[in-house]
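Shown here: data_5.json, JSON, C-alpha atoms.
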[["chain", "number", "residue", "atom", "x", "y", "z"],
["A", 268, "MET", "CA", -0.98, 11.55, -0.87],
["A", 269, "HIS", "CA", 1.79, 13.97, -1.70],
["A", 270, "ARG", "CA", 5.03, 12.21, -2.45],
["A", 271, "ARG", "CA", 7.02, 14.35, -0.01],
["A", 272, "ARG", "CA", 4.87, 13.14, 2.87],
["A", 273, "ARG", "CA", 5.36, 9.45, 2.09],
["A", 274, "PRO", "CA", 9.00, 8.65, 2.98],
["A", 275, "ALA", "CA", 8.42, 7.91, 6.71],
["A", 276, "LEU", "CA", 6.15, 5.03, 5.80],
["A", 277, "LEU", "CA", 6.18, 4.86, 2.07],
["A", 278, "LEU", "CA", 3.76, 2.02, 1.55],
["A", 279, "ALA", "CA", 1.28, 2.24, 4.41],
["A", 280, "ALA", "CA", -2.41, 2.54, 3.59],
["A", 281, "ALA", "CA", -4.92, 4.69, 5.47],
["A", 282, "ILE", "CA", -7.67, 3.06, 7.55],
["A", 283, "ALA", "CA", -10.72, 3.55, 5.37],
["A", 284, "ALA", "CA", -14.02, 2.19, 4.16],
["A", 285, "ALA", "CA", -14.24, 1.94, 0.39],
["A", 286, "PRO", "CA", -17.44, 2.68, -1.53],
["A", 287, "LEU", "CA", -19.11, -0.22, -3.23],
["A", 288, "LEU", "CA", -18.45, -0.28, -6.95],
["A", 289, "THR", "CA", -20.70, -1.72, -9.58],
["A", 290, "ALA", "CA", -19.83, -2.05, -13.23],
["A", 291, "CYS", "CA", -21.08, -3.48, -16.47],
["A", 292, "GLY", "CA", -18.97, -4.56, -19.37],
["A", 293, "SER", "CA", -15.92, -6.82, -19.32],
["A", 294, "ASP", "CA", -12.55, -6.20, -17.71],
["A", 295, "ALA", "CA", -9.35, -6.68, -19.67],
["A", 296, "HIS", "CA", -8.21, -9.07, -16.93],
["A", 297, "PRO", "CA", -11.24, -10.80, -15.38],
["A", 298, "GLY", "CA", -10.87, -11.28, -11.64],
["A", 299, "ALA", "CA", -7.81, -9.02, -11.43],
["A", 300, "ALA", "CA", -7.64, -5.79, -9.48],
["A", 301, "ALA", "CA", -4.29, -5.09, -11.15],
["A", 302, "VAL", "CA", -1.66, -6.71, -13.34],
["A", 303, "VAL", "CA", 1.93, -5.78, -12.51],
["A", 304, "GLY", "CA", 4.41, -7.25, -14.95],
["A", 305, "ASP", "CA", 3.62, -10.96, -15.08],
["A", 306, "GLN", "CA", 1.90, -10.93, -11.68],
["A", 307, "ARG", "CA", -1.81, -10.55, -11.02],
["A", 308, "ILE", "CA", -3.26, -8.96, -7.92],
["A", 309, "THR", "CA", -6.66, -10.57, -7.78],
["A", 310, "VAL", "CA", -9.76, -8.95, -6.38],
["A", 311, "ALA", "CA", -9.86, -11.76, -3.82],
["A", 312, "GLN", "CA", -6.29, -10.97, -2.69],
["A", 313, "LEU", "CA", -7.14, -7.29, -2.40],
["A", 314, "GLU", "CA", -10.29, -7.97, -0.41],
["A", 315, "SER", "CA", -8.37, -10.32, 1.88],
["A", 316, "ARG", "CA", -5.76, -7.64, 2.60],
["A", 317, "VAL", "CA", -8.48, -5.08, 3.32],
["A", 318, "GLY", "CA", -10.20, -7.62, 5.56],
["A", 319, "GLU", "CA", -7.03, -8.05, 7.62],
["A", 320, "VAL", "CA", -6.94, -4.35, 8.40],
["A", 321, "ARG", "CA", -10.64, -4.17, 9.14],
["A", 322, "ALA", "CA", -10.53, -7.17, 11.48],
["A", 323, "ALA", "CA", -7.52, -5.81, 13.35],
["A", 324, "GLN", "CA", -9.09, -2.37, 13.61],
["A", 325, "ARG", "CA", -12.32, -3.84, 14.91],
["A", 326, "ALA", "CA", -10.46, -5.81, 17.57],
["A", 327, "ALA", "CA", -8.51, -2.72, 18.65],
["A", 328, "VAL", "CA", -11.51, -0.56, 19.55],
["A", 329, "PRO", "CA", -13.83, -1.17, 22.54],
["A", 330, "GLY", "CA", -17.21, -1.10, 20.85],
["A", 331, "THR", "CA", -19.25, -0.96, 17.68],
["A", 332, "GLU", "CA", -19.82, 2.78, 17.87],
["A", 333, "GLN", "CA", -16.11, 3.51, 18.10],
["A", 334, "TYR", "CA", -15.42, 1.16, 15.22],
["A", 335, "GLN", "CA", -18.05, 2.86, 13.09],
["A", 336, "GLN", "CA", -16.38, 6.18, 13.85],
["A", 337, "VAL", "CA", -13.08, 4.79, 12.59],
["A", 338, "VAL", "CA", -14.79, 3.58, 9.43],
["A", 339, "ALA", "CA", -16.61, 6.88, 8.93],
["A", 340, "ARG", "CA", -13.42, 8.96, 9.08],
["A", 341, "THR", "CA", -12.10, 7.55, 5.83],
["A", 342, "GLY", "CA", -13.51, 6.15, 2.61],
["A", 343, "THR", "CA", -10.79, 4.79, 0.38],
["A", 344, "LEU", "CA", -9.32, 1.73, 2.10],
["A", 345, "THR", "CA", -9.65, -0.58, -0.88],
["A", 346, "ARG", "CA", -8.05, 1.86, -3.32],
["A", 347, "ASP", "CA", -5.33, 2.87, -0.88],
["A", 348, "THR", "CA", -4.56, -0.78, -0.21],
["A", 349, "LEU", "CA", -4.31, -1.59, -3.89],
["A", 350, "HIS", "CA", -2.04, 1.40, -4.36],
["A", 351, "GLY", "CA", 0.25, 0.03, -1.66],
["A", 352, "MET", "CA", 0.23, -3.49, -3.09],
["A", 353, "VAL", "CA", 1.23, -2.21, -6.53],
["A", 354, "LEU", "CA", 3.82, 0.22, -5.17],
["A", 355, "ASP", "CA", 5.37, -2.63, -3.18],
["A", 356, "ARG", "CA", 6.10, -4.42, -6.45],
["A", 357, "VAL", "CA", 7.35, -1.26, -8.13],
["A", 358, "LEU", "CA", 9.75, -0.59, -5.29],
["A", 359, "HIS", "CA", 11.00, -4.16, -5.30],
["A", 360, "ARG", "CA", 11.65, -3.98, -9.06],
["A", 361, "ALA", "CA", 13.53, -0.69, -8.70],
["A", 362, "ALA", "CA", 15.58, -2.10, -5.83],
["A", 363, "SER", "CA", 16.36, -5.29, -7.74],
["A", 364, "ASP", "CA", 17.47, -3.26, -10.76],
["A", 365, "ALA", "CA", 19.82, -1.32, -8.47],
["A", 366, "GLY", "CA", 21.19, -4.49, -6.87],
["A", 367, "VAL", "CA", 19.64, -3.66, -3.50],
["A", 368, "ARG", "CA", 18.91, -6.53, -1.11],
["A", 369, "VAL", "CA", 17.40, -6.60, 2.38],
["A", 370, "THR", "CA", 18.36, -9.33, 4.85],
["A", 371, "ARG", "CA", 16.24, -10.95, 7.53],
["A", 372, "LYS", "CA", 18.72, -9.69, 10.11],
["A", 373, "GLU", "CA", 18.20, -6.08, 9.00],
["A", 374, "VAL", "CA", 14.44, -6.44, 9.38],
["A", 375, "GLN", "CA", 14.77, -8.03, 12.82],
["A", 376, "GLN", "CA", 17.17, -5.36, 14.05],
["A", 377, "THR", "CA", 14.91, -2.59, 12.80],
["A", 378, "ARG", "CA", 11.87, -4.13, 14.44],
["A", 379, "ALA", "CA", 13.70, -4.62, 17.73],
["A", 380, "GLY", "CA", 14.68, -0.96, 17.79],
["A", 381, "LEU", "CA", 11.16, 0.20, 16.99],
["A", 382, "GLU", "CA", 9.64, -2.10, 19.60],
["A", 383, "GLN", "CA", 11.95, -0.62, 22.19],
["A", 384, "GLN", "CA", 10.85, 2.89, 21.24],
["A", 385, "ALA", "CA", 7.17, 1.93, 21.22],
["A", 386, "GLY", "CA", 7.26, 0.00, 24.49],
["A", 387, "GLY", "CA", 6.86, -3.52, 23.17],
["A", 388, "ALA", "CA", 5.78, -5.67, 20.23],
["A", 389, "LYS", "CA", 2.07, -5.19, 20.80],
["A", 390, "GLU", "CA", 2.46, -1.45, 21.11],
["A", 391, "LEU", "CA", 4.41, -1.30, 17.87],
["A", 392, "GLU", "CA", 1.70, -3.29, 16.08],
["A", 393, "ASN", "CA", -0.94, -0.91, 17.44],
["A", 394, "VAL", "CA", 1.00, 2.10, 16.16],
["A", 395, "TRP", "CA", 1.38, 0.58, 12.69],
["A", 396, "LEU", "CA", -2.31, -0.32, 12.61],
["A", 397, "GLN", "CA", -3.72, 2.95, 13.90],
["A", 398, "GLN", "CA", -1.39, 5.37, 12.16],
["A", 399, "TYR", "CA", -0.52, 3.56, 8.95],
["A", 400, "GLY", "CA", -3.26, 0.98, 8.34],
["A", 401, "VAL", "CA", -0.86, -1.98, 8.47],
["A", 402, "ALA", "CA", -2.31, -5.16, 9.98],
["A", 403, "PRO", "CA", -0.25, -6.75, 12.80],
["A", 404, "GLY", "CA", 0.76, -9.68, 10.65],
["A", 405, "ARG", "CA", 2.16, -7.36, 7.99],
["A", 406, "VAL", "CA", 4.50, -5.27, 10.15],
["A", 407, "GLU", "CA", 7.72, -7.07, 9.21],
["A", 408, "GLU", "CA", 6.71, -7.12, 5.55],
["A", 409, "ASN", "CA", 6.19, -3.38, 5.73],
["A", 410, "LEU", "CA", 9.50, -2.84, 7.53],
["A", 411, "ARG", "CA", 11.31, -4.80, 4.84],
["A", 412, "LEU", "CA", 9.87, -2.47, 2.23],
["A", 413, "GLN", "CA", 10.85, 0.62, 4.21],
["A", 414, "ILE", "CA", 14.41, -0.63, 4.53],
["A", 415, "GLU", "CA", 14.42, -1.48, 0.84],
["A", 416, "ALA", "CA", 13.30, 2.06, 0.00],
["A", 417, "GLN", "CA", 16.00, 3.59, 2.20],
["A", 418, "LYS", "CA", 18.75, 1.39, 0.76],
["A", 419, "LEU", "CA", 17.60, 2.14, -2.78],
["A", 420, "ALA", "CA", 17.77, 5.87, -2.05],
["A", 421, "GLN", "CA", 21.25, 5.45, -0.56],
["A", 422, "SER", "CA", 22.42, 3.55, -3.63],
["A", 423, "LEU", "CA", 21.25, 6.49, -5.73],
["A", 424, "GLY", "CA", 23.03, 8.99, -3.49],
["A", 425, "THR", "CA", 19.78, 10.63, -2.43],
["A", 426, "ASP", "CA", 16.85, 10.15, -0.06],
["A", 427, "THR", "CA", 13.24, 9.03, -0.47],
["A", 428, "SER", "CA", 11.90, 12.57, -0.79],
["A", 429, "ARG", "CA", 14.09, 13.54, -3.74],
["A", 430, "PRO", "CA", 13.24, 13.41, -7.47],
["A", 431, "GLU", "CA", 16.05, 10.93, -8.16],
["A", 432, "PHE", "CA", 14.40, 8.33, -5.97],
["A", 433, "TRP", "CA", 10.98, 8.82, -7.55],
["A", 434, "LYS", "CA", 12.54, 8.71, -11.01],
["A", 435, "ALA", "CA", 13.80, 5.21, -10.20],
["A", 436, "LEU", "CA", 10.28, 4.19, -9.20],
["A", 437, "SER", "CA", 8.87, 5.78, -12.34],
["A", 438, "ASP", "CA", 11.34, 3.82, -14.48],
["A", 439, "ALA", "CA", 10.36, 0.62, -12.70],
["A", 440, "SER", "CA", 6.67, 1.40, -13.19],
["A", 441, "GLY", "CA", 7.24, 1.76, -16.92],
["A", 442, "LYS", "CA", 9.06, -1.57, -17.15],
["A", 443, "LEU", "CA", 6.25, -3.37, -15.33],
["A", 444, "HIS", "CA", 3.48, -2.13, -17.65],
["A", 445, "ILE", "CA", 1.00, -1.77, -14.78],
["A", 446, "ASP", "CA", -2.65, -2.20, -15.67],
["A", 447, "LEU", "CA", -5.32, -1.44, -13.05],
["A", 448, "ASN", "CA", -8.91, -2.55, -13.24],
["A", 449, "PRO", "CA", -10.66, 0.73, -14.19],
["A", 450, "ARG", "CA", -12.94, 0.53, -11.16],
["A", 451, "TYR", "CA", -9.87, 1.24, -9.01],
["A", 452, "GLY", "CA", -8.48, 4.03, -11.19],
["A", 453, "ARG", "CA", -5.31, 3.93, -13.27],
["A", 454, "TRP", "CA", -1.58, 3.86, -12.60],
["A", 455, "ASP", "CA", 0.33, 7.05, -13.37],
["A", 456, "VAL", "CA", 3.81, 5.94, -14.42],
["A", 457, "GLN", "CA", 5.40, 9.37, -13.97],
["A", 458, "LYS", "CA", 4.07, 9.73, -10.42],
["A", 459, "SER", "CA", 4.35, 6.02, -9.59],
["A", 460, "GLY", "CA", 0.93, 6.20, -8.04],
["A", 461, "ARG", "CA", -2.71, 5.34, -8.47],
["A", 462, "VAL", "CA", -5.04, 8.08, -9.70],
["A", 463, "ASP", "CA", -8.78, 8.06, -10.12],
["A", 464, "ALA", "CA", -10.06, 7.40, -13.59],
["A", 465, "LYS", "CA", -13.57, 8.39, -14.58],
["A", 466, "VAL", "CA", -15.17, 5.81, -16.83],
["A", 467, "PRO", "CA", -18.82, 5.94, -17.90],
["A", 468, "TRP", "CA", -19.72, 2.38, -16.88],
["A", 469, "VAL", "CA", -18.43, 2.57, -13.29],
["A", 470, "LYS", "CA", -20.79, 3.77, -10.59],
["A", 471, "GLU", "CA", -20.03, 4.36, -6.94],
["A", 472, "VAL", "CA", -22.76, 3.29, -4.56],
["A", 473, "SER", "CA", -22.68, 4.22, -0.89],
["A", 474, "ALA", "CA", -22.59, 1.27, 1.51],
["A", 475, "ALA", "CA", -25.71, 0.80, 3.60]]

What would you get if you wrote out this structure as structure tokens?
Amino acid sequence: MHRRRRPALLLAAAIAAAPLLTACGSDAHPGAAAVVGDQRITVAQLESRVGEVRAAQRAAVPGTEQYQQVVARTGTLTRDTLHGMVLDRVLHRAASDAGVRVTRKEVQQTRAGLEQQAGGAKELENVWLQQYGVAPGRVEENLRLQIEAQKLAQSLGTDTSRPEFWKALSDASGKLHIDLNPRYGRWDVQKSGRVDAKVPWVKEVSAA
């Protein structure tokens, strides 16, 4: 995703179905999808987050055929979700370094305004799910991150599409020493984003 298209919802993942991945050899961090600073994102946590989106998406469509169409349109949910989970931590580190804080009241006020625009709480959750791949239970968490990104940009005298903002994220990425499990790619510090990494012992196998 091009960085200039991300500011509206910086951290949202696309609804997708990830290919199955098989690998031989040992990971540097067994059981971890990524290590961000002193925090591990486990494979189980990643799969749980993906499952939340899938379950919500399944409940939102009328039948199996429609759901399969949603699944068929995309193919990178797991990787996109991991990207978002890592970027969340990068953004929070950059915001903390800049002294940026987000209050509960700010999140509630933002949600109230968006619900009014969308026509209600359920409608807002449907928009976030269908357009941005955010499960209903994660809407406020996502809004907090969006507010954090906006306040960070303001503290830098810029906006979330400008190089100065992304430089702050790049600096935070470098401080966190992010290490992705190779099956999910690698983290590009300069771009503050996940990129695919070809390794000889990773194979992609299409889901039946």

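In terms of minimum interatomic distance to Val302 of chain A, A:Val353 ranks closest within A:Leu358, A:Ala435, A:Val353, A:Leu391, counting only C-alpha atoms.
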
**Request:** Please identify all polymer residues within 6 Å of Thr309 of chain A, counting only C-alpha atoms, omitting same-chain residues fewer than 6 positions from it, and present them as a list in words.
**Result:** Gly298, Ala299 and Ala300 of chain A

**Request:** Go ahead and compute the interatomic distance for atom CA of Glu319 of chain A and atom CA of Ser363 of chain A, in Å to one decimal.
**Result:** 28.1 Å

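The nearest approach to Asp438 of chain A among the residues A:Val320, A:Val367, A:Ala385, A:Val456, with all atoms listed in the file taken into account, belongs to A:Val456.
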
**Item:** Residue nearest Asp305 of chain A among A:Lys418, A:His350, A:Lys434, A:His444 (counting only C-alpha atoms)
**Value:** A:His444

**Complete:** Restricting to all atoms listed in the file, whichever of A:Leu313, A:Ile308, A:Leu344, A:Leu419 is closest to Gly400 of chain A is A:Leu344

**Asked** In Å, how far is it from atom CA of Gly424 of chain A to atom CA of Asp364 of chain A?
**Response** 15.3 Å

**Message:** Just the number, please: distance in Å from atom CA of Val338 of chain A to atom CA of Val317 of chain A, one decimal.
**Reply:** 12.3 Å

**Prompt:** With all atoms listed in the file as the atoms that count, which of A:Arg321, A:Gly452, A:Glu373, A:Arg307 lies nearest to Arg411 of chain A?
**Reply:**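 Smallest distance to Arg411 of chain A is found for A:Glu373.
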
Could you list as a PDB file with C-alpha atoms, in the coordinates of the input every residue that has an atom within 9 Å of (-12.1, 0.1, 14.7), using the file's coordinates and counting all atoms listed in the file?
ATOM      1  CA  ILE A 282      -7.670   3.060   7.550  1.00  0.00           C
ATOM      2  CA  ARG A 321     -10.640  -4.170   9.140  1.00  0.00           C
ATOM      3  CA  ALA A 322     -10.530  -7.170  11.480  1.00  0.00           C
ATOM      4  CA  ALA A 323      -7.520  -5.810  13.350  1.00  0.00           C
ATOM      5  CA  GLN A 324      -9.090  -2.370  13.610  1.00  0.00           C
ATOM      6  CA  ARG A 325     -12.320  -3.840  14.910  1.00  0.00           C
ATOM      7  CA  ALA A 326     -10.460  -5.810  17.570  1.00  0.00           C
ATOM      8  CA  ALA A 327      -8.510  -2.720  18.650  1.00  0.00           C
ATOM      9  CA  VAL A 328     -11.510  -0.560  19.550  1.00  0.00           C
ATOM     10  CA  PRO A 329     -13.830  -1.170  22.540  1.00  0.00           C
ATOM     11  CA  GLY A 330     -17.210  -1.100  20.850  1.00  0.00           C
ATOM     12  CA  THR A 331     -19.250  -0.960  17.680  1.00  0.00           C
ATOM     13  CA  GLU A 332     -19.820   2.780  17.870  1.00  0.00           C
ATOM     14  CA  GLN A 333     -16.110   3.510  18.100  1.00  0.00           C
ATOM     15  CA  TYR A 334     -15.420   1.160  15.220  1.00  0.00           C
ATOM     16  CA  GLN A 335     -18.050   2.860  13.090  1.00  0.00           C
ATOM     17  CA  GLN A 336     -16.380   6.180  13.850  1.00  0.00           C
ATOM     18  CA  VAL A 337     -13.080   4.790  12.590  1.00  0.00           C
ATOM     19  CA  VAL A 338     -14.790   3.580   9.430  1.00  0.00           C
ATOM     20  CA  GLN A 397      -3.720   2.950  13.900  1.00  0.00           C
TER      21      GLN A 397
END

At most 7 Å from (-4.0, 3.5, -6.6), file frame, all atoms listed in the file: which residues, as a CSV table (one decimal) with C-alpha atoms, in the frame of the given file?
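Below is the file out10.csv, written as the result:
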chain,number,residue,atom,x,y,z
A,346,ARG,CA,-8.0,1.9,-3.3
A,347,ASP,CA,-5.3,2.9,-0.9
A,349,LEU,CA,-4.3,-1.6,-3.9
A,350,HIS,CA,-2.0,1.4,-4.4
A,451,TYR,CA,-9.9,1.2,-9.0
A,452,GLY,CA,-8.5,4.0,-11.2
A,453,ARG,CA,-5.3,3.9,-13.3
A,454,TRP,CA,-1.6,3.9,-12.6
A,460,GLY,CA,0.9,6.2,-8.0
A,461,ARG,CA,-2.7,5.3,-8.5
A,462,VAL,CA,-5.0,8.1,-9.7

**Item:** Distance criterion (all atoms listed in the file): nearest to Thr345 of chain A out of A:Glu431, A:Ala416, A:Arg371, A:Val310
**Value:**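 Looking only at the distances to Thr345 of chain A, the closest residue turns out to be A:Val310.
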
Complete the atom set of segment 326-349 of chain A to N, CA and C atoms and return it as a PDB file, keeping the file's coordinate frame.
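File out_27.pdb, as written:
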ATOM      1  N   ALA A 326     -10.906  -5.228  16.311  1.00  0.00           N
ATOM      2  CA  ALA A 326     -10.460  -5.810  17.570  1.00  0.00           C
ATOM      3  C   ALA A 326      -9.780  -4.789  18.472  1.00  0.00           C
ATOM      4  N   ALA A 327      -9.293  -3.702  17.892  1.00  0.00           N
ATOM      5  CA  ALA A 327      -8.510  -2.720  18.650  1.00  0.00           C
ATOM      6  C   ALA A 327      -9.375  -1.668  19.332  1.00  0.00           C
ATOM      7  N   VAL A 328     -10.647  -1.571  18.958  1.00  0.00           N
ATOM      8  CA  VAL A 328     -11.510  -0.560  19.550  1.00  0.00           C
ATOM      9  C   VAL A 328     -12.531  -1.229  20.465  1.00  0.00           C
ATOM     10  N   PRO A 329     -13.002  -0.533  21.513  1.00  0.00           N
ATOM     11  CA  PRO A 329     -13.830  -1.170  22.540  1.00  0.00           C
ATOM     12  C   PRO A 329     -15.265  -1.496  22.139  1.00  0.00           C
ATOM     13  N   GLY A 330     -15.812  -0.846  21.161  1.00  0.00           N
ATOM     14  CA  GLY A 330     -17.210  -1.100  20.850  1.00  0.00           C
ATOM     15  C   GLY A 330     -17.568  -0.785  19.421  1.00  0.00           C
ATOM     16  N   THR A 331     -18.795  -1.143  19.053  1.00  0.00           N
ATOM     17  CA  THR A 331     -19.250  -0.960  17.680  1.00  0.00           C
ATOM     18  C   THR A 331     -19.291   0.510  17.289  1.00  0.00           C
ATOM     19  N   GLU A 332     -19.729   1.354  18.189  1.00  0.00           N
ATOM     20  CA  GLU A 332     -19.820   2.780  17.870  1.00  0.00           C
ATOM     21  C   GLU A 332     -18.458   3.366  17.537  1.00  0.00           C
ATOM     22  N   GLN A 333     -17.461   3.002  18.351  1.00  0.00           N
ATOM     23  CA  GLN A 333     -16.110   3.510  18.100  1.00  0.00           C
ATOM     24  C   GLN A 333     -15.576   2.992  16.764  1.00  0.00           C
ATOM     25  N   TYR A 334     -15.874   1.734  16.489  1.00  0.00           N
ATOM     26  CA  TYR A 334     -15.420   1.160  15.220  1.00  0.00           C
ATOM     27  C   TYR A 334     -16.065   1.878  14.043  1.00  0.00           C
ATOM     28  N   GLN A 335     -17.357   2.153  14.152  1.00  0.00           N
ATOM     29  CA  GLN A 335     -18.050   2.860  13.090  1.00  0.00           C
ATOM     30  C   GLN A 335     -17.468   4.262  12.884  1.00  0.00           C
ATOM     31  N   GLN A 336     -17.012   4.872  13.959  1.00  0.00           N
ATOM     32  CA  GLN A 336     -16.380   6.180  13.850  1.00  0.00           C
ATOM     33  C   GLN A 336     -15.068   6.084  13.070  1.00  0.00           C
ATOM     34  N   VAL A 337     -14.321   5.011  13.333  1.00  0.00           N
ATOM     35  CA  VAL A 337     -13.080   4.790  12.590  1.00  0.00           C
ATOM     36  C   VAL A 337     -13.387   4.625  11.109  1.00  0.00           C
ATOM     37  N   VAL A 338     -14.400   3.827  10.810  1.00  0.00           N
ATOM     38  CA  VAL A 338     -14.790   3.580   9.430  1.00  0.00           C
ATOM     39  C   VAL A 338     -15.254   4.871   8.755  1.00  0.00           C
ATOM     40  N   ALA A 339     -16.028   5.666   9.500  1.00  0.00           N
ATOM     41  CA  ALA A 339     -16.610   6.880   8.930  1.00  0.00           C
ATOM     42  C   ALA A 339     -15.572   7.951   8.614  1.00  0.00           C
ATOM     43  N   ARG A 340     -14.427   7.906   9.285  1.00  0.00           N
ATOM     44  CA  ARG A 340     -13.420   8.960   9.080  1.00  0.00           C
ATOM     45  C   ARG A 340     -12.758   8.887   7.715  1.00  0.00           C
ATOM     46  N   THR A 341     -12.788   7.729   7.109  1.00  0.00           N
ATOM     47  CA  THR A 341     -12.100   7.550   5.830  1.00  0.00           C
ATOM     48  C   THR A 341     -13.003   6.800   4.867  1.00  0.00           C
ATOM     49  N   GLY A 342     -12.652   6.808   3.593  1.00  0.00           N
ATOM     50  CA  GLY A 342     -13.510   6.150   2.610  1.00  0.00           C
ATOM     51  C   GLY A 342     -12.805   5.542   1.424  1.00  0.00           C
ATOM     52  N   THR A 343     -11.522   5.291   1.544  1.00  0.00           N
ATOM     53  CA  THR A 343     -10.790   4.790   0.380  1.00  0.00           C
ATOM     54  C   THR A 343      -9.852   3.634   0.717  1.00  0.00           C
ATOM     55  N   LEU A 344     -10.215   2.805   1.682  1.00  0.00           N
ATOM     56  CA  LEU A 344      -9.320   1.730   2.100  1.00  0.00           C
ATOM     57  C   LEU A 344      -8.950   0.794   0.958  1.00  0.00           C
ATOM     58  N   THR A 345      -9.935   0.375   0.186  1.00  0.00           N
ATOM     59  CA  THR A 345      -9.650  -0.580  -0.880  1.00  0.00           C
ATOM     60  C   THR A 345      -8.679   0.012  -1.894  1.00  0.00           C
ATOM     61  N   ARG A 346      -8.928   1.232  -2.323  1.00  0.00           N
ATOM     62  CA  ARG A 346      -8.050   1.860  -3.320  1.00  0.00           C
ATOM     63  C   ARG A 346      -6.676   2.149  -2.750  1.00  0.00           C
ATOM     64  N   ASP A 347      -6.627   2.607  -1.508  1.00  0.00           N
ATOM     65  CA  ASP A 347      -5.330   2.870  -0.880  1.00  0.00           C
ATOM     66  C   ASP A 347      -4.532   1.578  -0.720  1.00  0.00           C
ATOM     67  N   THR A 348      -5.230   0.502  -0.375  1.00  0.00           N
ATOM     68  CA  THR A 348      -4.560  -0.780  -0.210  1.00  0.00           C
ATOM     69  C   THR A 348      -4.002  -1.288  -1.527  1.00  0.00           C
ATOM     70  N   LEU A 349      -4.801  -1.171  -2.581  1.00  0.00           N
ATOM     71  CA  LEU A 349      -4.310  -1.590  -3.890  1.00  0.00           C
ATOM     72  C   LEU A 349      -3.110  -0.755  -4.314  1.00  0.00           C
TER      73      LEU A 349
END
